[in-house]
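Trainee: Please find entry_39.pdb (PDB, C-alpha atoms) on the next line:
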ATOM      1  CA  MET A   6      90.048 100.516 120.799
ATOM      2  CA  SER A   7      92.921 101.690 118.625
ATOM      3  CA  GLN A   8      96.350 102.132 120.112
ATOM      4  CA  LYS A   9      97.952 105.551 119.925
ATOM      5  CA  ARG A  10     101.458 105.609 118.561
ATOM      6  CA  SER A  11     103.911 108.103 119.927
ATOM      7  CA  PHE A  12     105.527 110.613 117.621
ATOM      8  CA  SER A  13     108.898 109.004 118.233
ATOM      9  CA  SER A  14     107.623 105.641 116.989
ATOM     10  CA  LEU A  15     106.473 107.250 113.754
ATOM     11  CA  LEU A  16     109.660 109.199 113.203
ATOM     12  CA  ARG A  17     112.707 107.014 113.509
ATOM     13  CA  ASN A  18     115.526 108.264 111.306
ATOM     14  CA  VAL A  19     116.760 111.817 111.717
ATOM     15  CA  LEU A  20     119.883 113.045 109.957
ATOM     16  CA  ILE A  21     121.664 115.934 111.634
ATOM     17  CA  VAL A  22     123.658 118.008 109.150
ATOM     18  CA  GLU A  23     126.108 120.479 110.658
ATOM     19  CA  PRO A  24     129.094 122.066 108.882
ATOM     20  CA  PHE A  25     130.347 123.714 112.105
ATOM     21  CA  TYR A  26     130.129 120.958 114.713
ATOM     22  CA  GLY A  27     131.513 122.780 117.729
ATOM     23  CA  GLU A  28     130.669 125.330 120.394
ATOM     24  CA  SER A  29     126.954 126.180 120.626
ATOM     25  CA  HIS A  30     126.158 124.166 117.493
ATOM     26  CA  ARG A  31     127.595 121.002 119.037
ATOM     27  CA  SER A  32     125.776 121.670 122.322
ATOM     28  CA  LEU A  33     122.466 122.097 120.495
ATOM     29  CA  PHE A  34     122.672 118.871 118.514
ATOM     30  CA  ASP A  35     124.191 116.813 121.317
ATOM     31  CA  GLY A  36     121.358 117.998 123.573
ATOM     32  CA  ILE A  37     118.746 117.026 121.006
ATOM     33  CA  LYS A  38     120.326 113.581 120.587
ATOM     34  CA  GLU A  39     120.430 113.030 124.352
ATOM     35  CA  ASN A  40     116.842 114.136 124.967
ATOM     36  CA  CYS A  41     114.906 112.787 121.980
ATOM     37  CA  ASP A  42     113.999 109.172 121.394
ATOM     38  CA  PHE A  43     114.903 108.982 117.705
ATOM     39  CA  HIS A  44     117.636 107.252 115.754
ATOM     40  CA  PHE A  45     120.128 109.933 114.769
ATOM     41  CA  SER A  46     122.741 109.857 112.058
ATOM     42  CA  MET A  47     125.267 112.635 111.696
ATOM     43  CA  ALA A  48     126.872 114.447 108.781
ATOM     44  CA  THR A  49     129.238 116.998 110.289
ATOM     45  CA  LEU A  50     132.418 118.935 109.700
ATOM     46  CA  PRO A  51     134.829 120.230 112.359
ATOM     47  CA  ALA A  52     134.229 123.711 113.770
ATOM     48  CA  ASN A  53     136.812 125.569 111.704
ATOM     49  CA  ASN A  54     136.408 129.015 110.107
ATOM     50  CA  TRP A  55     132.624 129.479 110.185
ATOM     51  CA  GLN A  56     132.625 131.798 107.154
ATOM     52  CA  TRP A  57     134.119 129.106 104.931
ATOM     53  CA  ARG A  58     131.826 126.482 106.433
ATOM     54  CA  LEU A  59     128.858 128.650 105.489
ATOM     55  CA  ARG A  60     130.211 129.184 101.958
ATOM     56  CA  HIS A  61     131.522 125.695 101.153
ATOM     57  CA  GLY A  62     130.170 123.353 103.820
ATOM     58  CA  ALA A  63     127.314 122.113 101.616
ATOM     59  CA  TRP A  64     129.799 120.786  99.058
ATOM     60  CA  HIS A  65     131.976 119.034 101.630
ATOM     61  CA  LEU A  66     128.951 117.582 103.435
ATOM     62  CA  SER A  67     127.426 116.329 100.185
ATOM     63  CA  GLN A  68     130.524 114.180  99.612
ATOM     64  CA  GLN A  69     129.952 112.197 102.812
ATOM     65  CA  GLU A  70     128.912 108.576 102.438
ATOM     66  CA  ILE A  71     125.698 108.993 104.436
ATOM     67  CA  PHE A  72     124.157 110.923 101.536
ATOM     68  CA  GLN A  73     124.475 107.855  99.288
ATOM     69  CA  GLU A  74     121.531 106.346 101.214
ATOM     70  CA  ILE A  75     119.648 109.554 101.938
ATOM     71  CA  GLU A  76     116.245 107.984 101.191
ATOM     72  CA  GLN A  77     116.476 106.084 104.503
ATOM     73  CA  GLN A  78     116.193 109.358 106.423
ATOM     74  CA  GLN A  79     112.786 110.711 107.413
ATOM     75  CA  VAL A  80     113.854 114.192 108.492
ATOM     76  CA  ILE A  81     116.954 116.322 108.003
ATOM     77  CA  LEU A  82     117.765 118.668 110.899
ATOM     78  CA  MET A  83     120.369 121.386 110.404
ATOM     79  CA  SER A  84     121.561 124.735 111.693
ATOM     80  CA  ASP A  85     121.617 128.082 109.961
ATOM     81  CA  TYR A  86     125.228 127.391 108.920
ATOM     82  CA  VAL A  87     123.983 125.074 106.155
ATOM     83  CA  ASP A  88     123.503 126.587 102.709
ATOM     84  CA  LEU A  89     120.391 124.539 102.015
ATOM     85  CA  VAL A  90     119.994 125.846  98.466
ATOM     86  CA  LYS A  91     123.415 124.457  97.543
ATOM     87  CA  LEU A  92     122.940 121.254  99.520
ATOM     88  CA  LYS A  93     119.673 120.499  97.693
ATOM     89  CA  GLY A  94     121.444 121.255  94.419
ATOM     90  CA  PHE A  95     124.222 118.795  95.206
ATOM     91  CA  ILE A  96     121.789 116.164  96.554
ATOM     92  CA  PRO A  97     118.503 116.374  94.595
ATOM     93  CA  ALA A  98     116.940 113.560  96.678
ATOM     94  CA  LEU A  99     116.756 116.013  99.606
ATOM     95  CA  SER A 100     113.708 117.552  97.953
ATOM     96  CA  LYS A 101     111.747 114.444  98.993
ATOM     97  CA  ILE A 102     112.717 114.652 102.694
ATOM     98  CA  PRO A 103     111.490 117.328 105.119
ATOM     99  CA  CYS A 104     114.317 119.712 106.013
ATOM    100  CA  LEU A 105     114.175 121.535 109.352
ATOM    101  CA  MET A 106     116.527 124.442 109.908
ATOM    102  CA  TYR A 107     117.321 125.692 113.415
ATOM    103  CA  PHE A 108     118.564 129.274 113.675
ATOM    104  CA  LEU A 109     120.880 129.736 116.631
ATOM    105  CA  GLU A 110     121.616 133.185 115.259
ATOM    106  CA  ASP A 111     121.119 134.472 111.761
ATOM    107  CA  GLN A 112     123.319 136.545 109.534
ATOM    108  CA  LEU A 113     120.396 138.590 108.235
ATOM    109  CA  THR A 114     119.840 140.359 111.554
ATOM    110  CA  TYR A 115     123.293 139.867 113.036
ATOM    111  CA  PRO A 116     125.003 143.132 113.965
ATOM    112  CA  ILE A 117     126.146 145.096 110.960
ATOM    113  CA  VAL A 118     129.840 145.330 110.069
ATOM    114  CA  THR A 119     131.211 148.849 110.419
ATOM    115  CA  HIS A 120     134.238 150.232 108.615
ATOM    116  CA  THR A 121     136.066 153.470 109.250
ATOM    117  CA  SER A 122     137.544 155.313 106.327
ATOM    118  CA  ASN A 123     138.594 158.983 106.311
ATOM    119  CA  LYS A 124     136.886 159.445 109.679
ATOM    120  CA  THR A 125     133.609 158.416 108.062
ATOM    121  CA  ARG A 126     131.658 155.523 109.481
ATOM    122  CA  GLN A 127     130.300 153.188 106.837
ATOM    123  CA  VAL A 128     127.695 150.577 107.587
ATOM    124  CA  GLN A 129     127.565 147.443 105.503
ATOM    125  CA  ARG A 130     125.687 144.210 106.037
ATOM    126  CA  GLU A 131     127.414 140.932 105.143
ATOM    127  CA  PHE A 132     125.301 140.461 102.026
ATOM    128  CA  GLU A 133     126.705 137.039 101.115
ATOM    129  CA  PHE A 134     125.946 135.442 104.489
ATOM    130  CA  SER A 135     122.589 137.204 104.771
ATOM    131  CA  SER A 136     121.644 135.818 101.346
ATOM    132  CA  ILE A 137     122.603 132.278 102.326
ATOM    133  CA  ASN A 138     120.424 132.446 105.438
ATOM    134  CA  ALA A 139     117.529 134.166 103.666
ATOM    135  CA  PHE A 140     117.292 131.712 100.777
ATOM    136  CA  SER A 141     117.958 128.685 102.977
ATOM    137  CA  SER A 142     115.068 129.680 105.225
ATOM    138  CA  ILE A 143     112.827 130.026 102.177
ATOM    139  CA  VAL A 144     113.600 126.534 100.822
ATOM    140  CA  ALA A 145     113.515 124.803 104.237
ATOM    141  CA  ASP A 146     110.323 122.925 105.051
ATOM    142  CA  ARG A 147     110.332 124.249 108.618
ATOM    143  CA  VAL A 148     112.374 126.942 110.319
ATOM    144  CA  ILE A 149     112.884 127.016 114.078
ATOM    145  CA  PHE A 150     114.269 129.974 116.018
ATOM    146  CA  ALA A 151     115.804 130.044 119.486
ATOM    147  CA  SER A 152     113.136 132.501 120.650
ATOM    148  CA  GLN A 153     109.946 134.200 119.523
ATOM    149  CA  SER A 154     111.699 137.570 119.519
ATOM    150  CA  ALA A 155     114.454 136.227 117.229
ATOM    151  CA  LEU A 156     111.772 134.948 114.849
ATOM    152  CA  ASP A 157     109.896 138.261 114.929
ATOM    153  CA  VAL A 158     113.033 140.286 114.135
ATOM    154  CA  TYR A 159     113.936 137.894 111.306
ATOM    155  CA  LEU A 160     110.464 137.998 109.761
ATOM    156  CA  GLU A 161     110.565 141.793 109.853
ATOM    157  CA  ALA A 162     114.031 141.927 108.257
ATOM    158  CA  LEU A 163     113.545 139.295 105.532
ATOM    159  CA  PRO A 164     111.210 141.240 103.195
ATOM    160  CA  LEU A 165     113.303 144.392 103.623
ATOM    161  CA  PHE A 166     116.440 142.471 102.713
ATOM    162  CA  LEU A 167     114.817 140.913  99.645
ATOM    163  CA  CYS A 168     113.695 144.389  98.506
ATOM    164  CA  GLU A 169     117.325 145.590  98.523
ATOM    165  CA  ASP A 170     117.934 143.531  95.386
ATOM    166  CA  PRO A 171     118.416 145.988  92.517
ATOM    167  CA  ASP A 172     116.447 143.727  90.158
TER     168      ASP A 172
END
As structure tokens, please, write out the structure in this file.

Mentor:
Amino acid sequence: MSQKRSFSSLLRNVLIVEPFYGESHRSLFDGIKENCDFHFSMATLPANNWQWRLRHGAWHLSQQEIFQEIEQQQVILMSDYVDLVKLKGFIPALSKIPCLMYFLEDQLTYPIVTHTSNKTRQVQREFEFSSINAFSSIVADRVIFASQSALDVYLEALPLFLCEDPD
């Protein structure tokens, strides 16, 4: 009779990558660490100015020492605040490790920014942040959403967003 091995015995090393380690992002990853029987390593940045973390966090994270021995990790777990396209560009070895992205909220379906000018209401989506989330979700090996409805809305919005490209 063969012995069954638990999932946690097969998967030992999980690297959590989070450029905005605070608020709900911190709660999510701390909860995962407390409730899962894996060995976790962390690559994080303080929760300062989320827009800049989304734009530049991949660069700052890639400079951390833990990425010098990235091949020891079996899975990379991150939030939607990671620009995974850039991170994989800065750390090519990430292409050999499964990357899981958890969307707490996404910029693609986040409420639209409104501006008022000459009593006219203009509606404009944050294209830069939407693009980061869209392309990161495409290059991630797995994408996890907080709810089925959040996933459904995202999957409906993604092709429409990609069609907005003038090319």

Trainee: From the options A:Ile75, A:Leu59, A:Val87, A:Ile137, which residue's atoms come nearest to Glu23 in chain A, counting only C-alpha atoms?

Mentor: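 Closest to Glu23 in chain A of all the choices is A:Val87.
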
Trainee: Would you be able to write out as a list in words which residues have an atom within 9 Å of (110.8, 115.6, 102.9) in the file's coordinates, counting only C-alpha atoms?

Mentor: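 Those within range, by chain then number, are Gln78, Gln79, Val80, Ile81, Ala98, Leu99, Ser100, Lys101, Ile102, Pro103, Cys104 and Asp146 of chain A.
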
Trainee: Selected by the PyMOL selection byres ((chain A and resi 18) around 7) in the shown coordinates: which residues, as a ChimeraX atom specification?

Mentor: /A:16-17,19-20,43-45,78-80

Trainee: Which one is closest to Arg31 in chain A: A:Glu70, A:Pro97, A:Trp57, A:Met83? Count all atoms listed in the file.

Mentor: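 The closest residue to Arg31 in chain A is A:Met83.
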
Trainee: Given the file shown, enumerate the residues that the PyMOL selection byres ((chain A and resi 110) around 12) captures and present them as a short mmCIF file (atom, residue, chain, number, x, y, z; two decimals) with C-alpha atoms, in the frame of the given file.

Mentor:
data_model
loop_
_atom_site.label_atom_id
_atom_site.label_comp_id
_atom_site.auth_asym_id
_atom_site.auth_seq_id
_atom_site.Cartn_x
_atom_site.Cartn_y
_atom_site.Cartn_z
CA SER A 29 126.95 126.18 120.63
CA HIS A 30 126.16 124.17 117.49
CA SER A 84 121.56 124.74 111.69
CA ASP A 85 121.62 128.08 109.96
CA TYR A 86 125.23 127.39 108.92
CA MET A 106 116.53 124.44 109.91
CA TYR A 107 117.32 125.69 113.42
CA PHE A 108 118.56 129.27 113.68
CA LEU A 109 120.88 129.74 116.63
CA ASP A 111 121.12 134.47 111.76
CA GLN A 112 123.32 136.54 109.53
CA LEU A 113 120.40 138.59 108.24
CA THR A 114 119.84 140.36 111.55
CA TYR A 115 123.29 139.87 113.04
CA PRO A 116 125.00 143.13 113.96
CA PHE A 134 125.95 135.44 104.49
CA SER A 135 122.59 137.20 104.77
CA ASN A 138 120.42 132.45 105.44
CA ILE A 149 112.88 127.02 114.08
CA PHE A 150 114.27 129.97 116.02
CA ALA A 151 115.80 130.04 119.49
CA SER A 152 113.14 132.50 120.65
CA SER A 154 111.70 137.57 119.52
CA ALA A 155 114.45 136.23 117.23
CA LEU A 156 111.77 134.95 114.85
CA VAL A 158 113.03 140.29 114.14
CA TYR A 159 113.94 137.89 111.31
#

Trainee: Quote the spacing between CA of Lys38 in chain A and CA of Ile21 in chain A in Å to one decimal place.

Mentor: 9.4 Å

Trainee: In Å to one decimal, how far is CA of Met47 in chain A from CA of Ser67 in chain A?

Mentor: 12.3 Å

Trainee: Looking at all atoms listed in the file, which of A:Pro51, A:Ser46, A:Phe140, A:Gln56 is the one that sits closest to Phe25 in chain A?

Mentor: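 The closest residue to Phe25 in chain A is A:Pro51.
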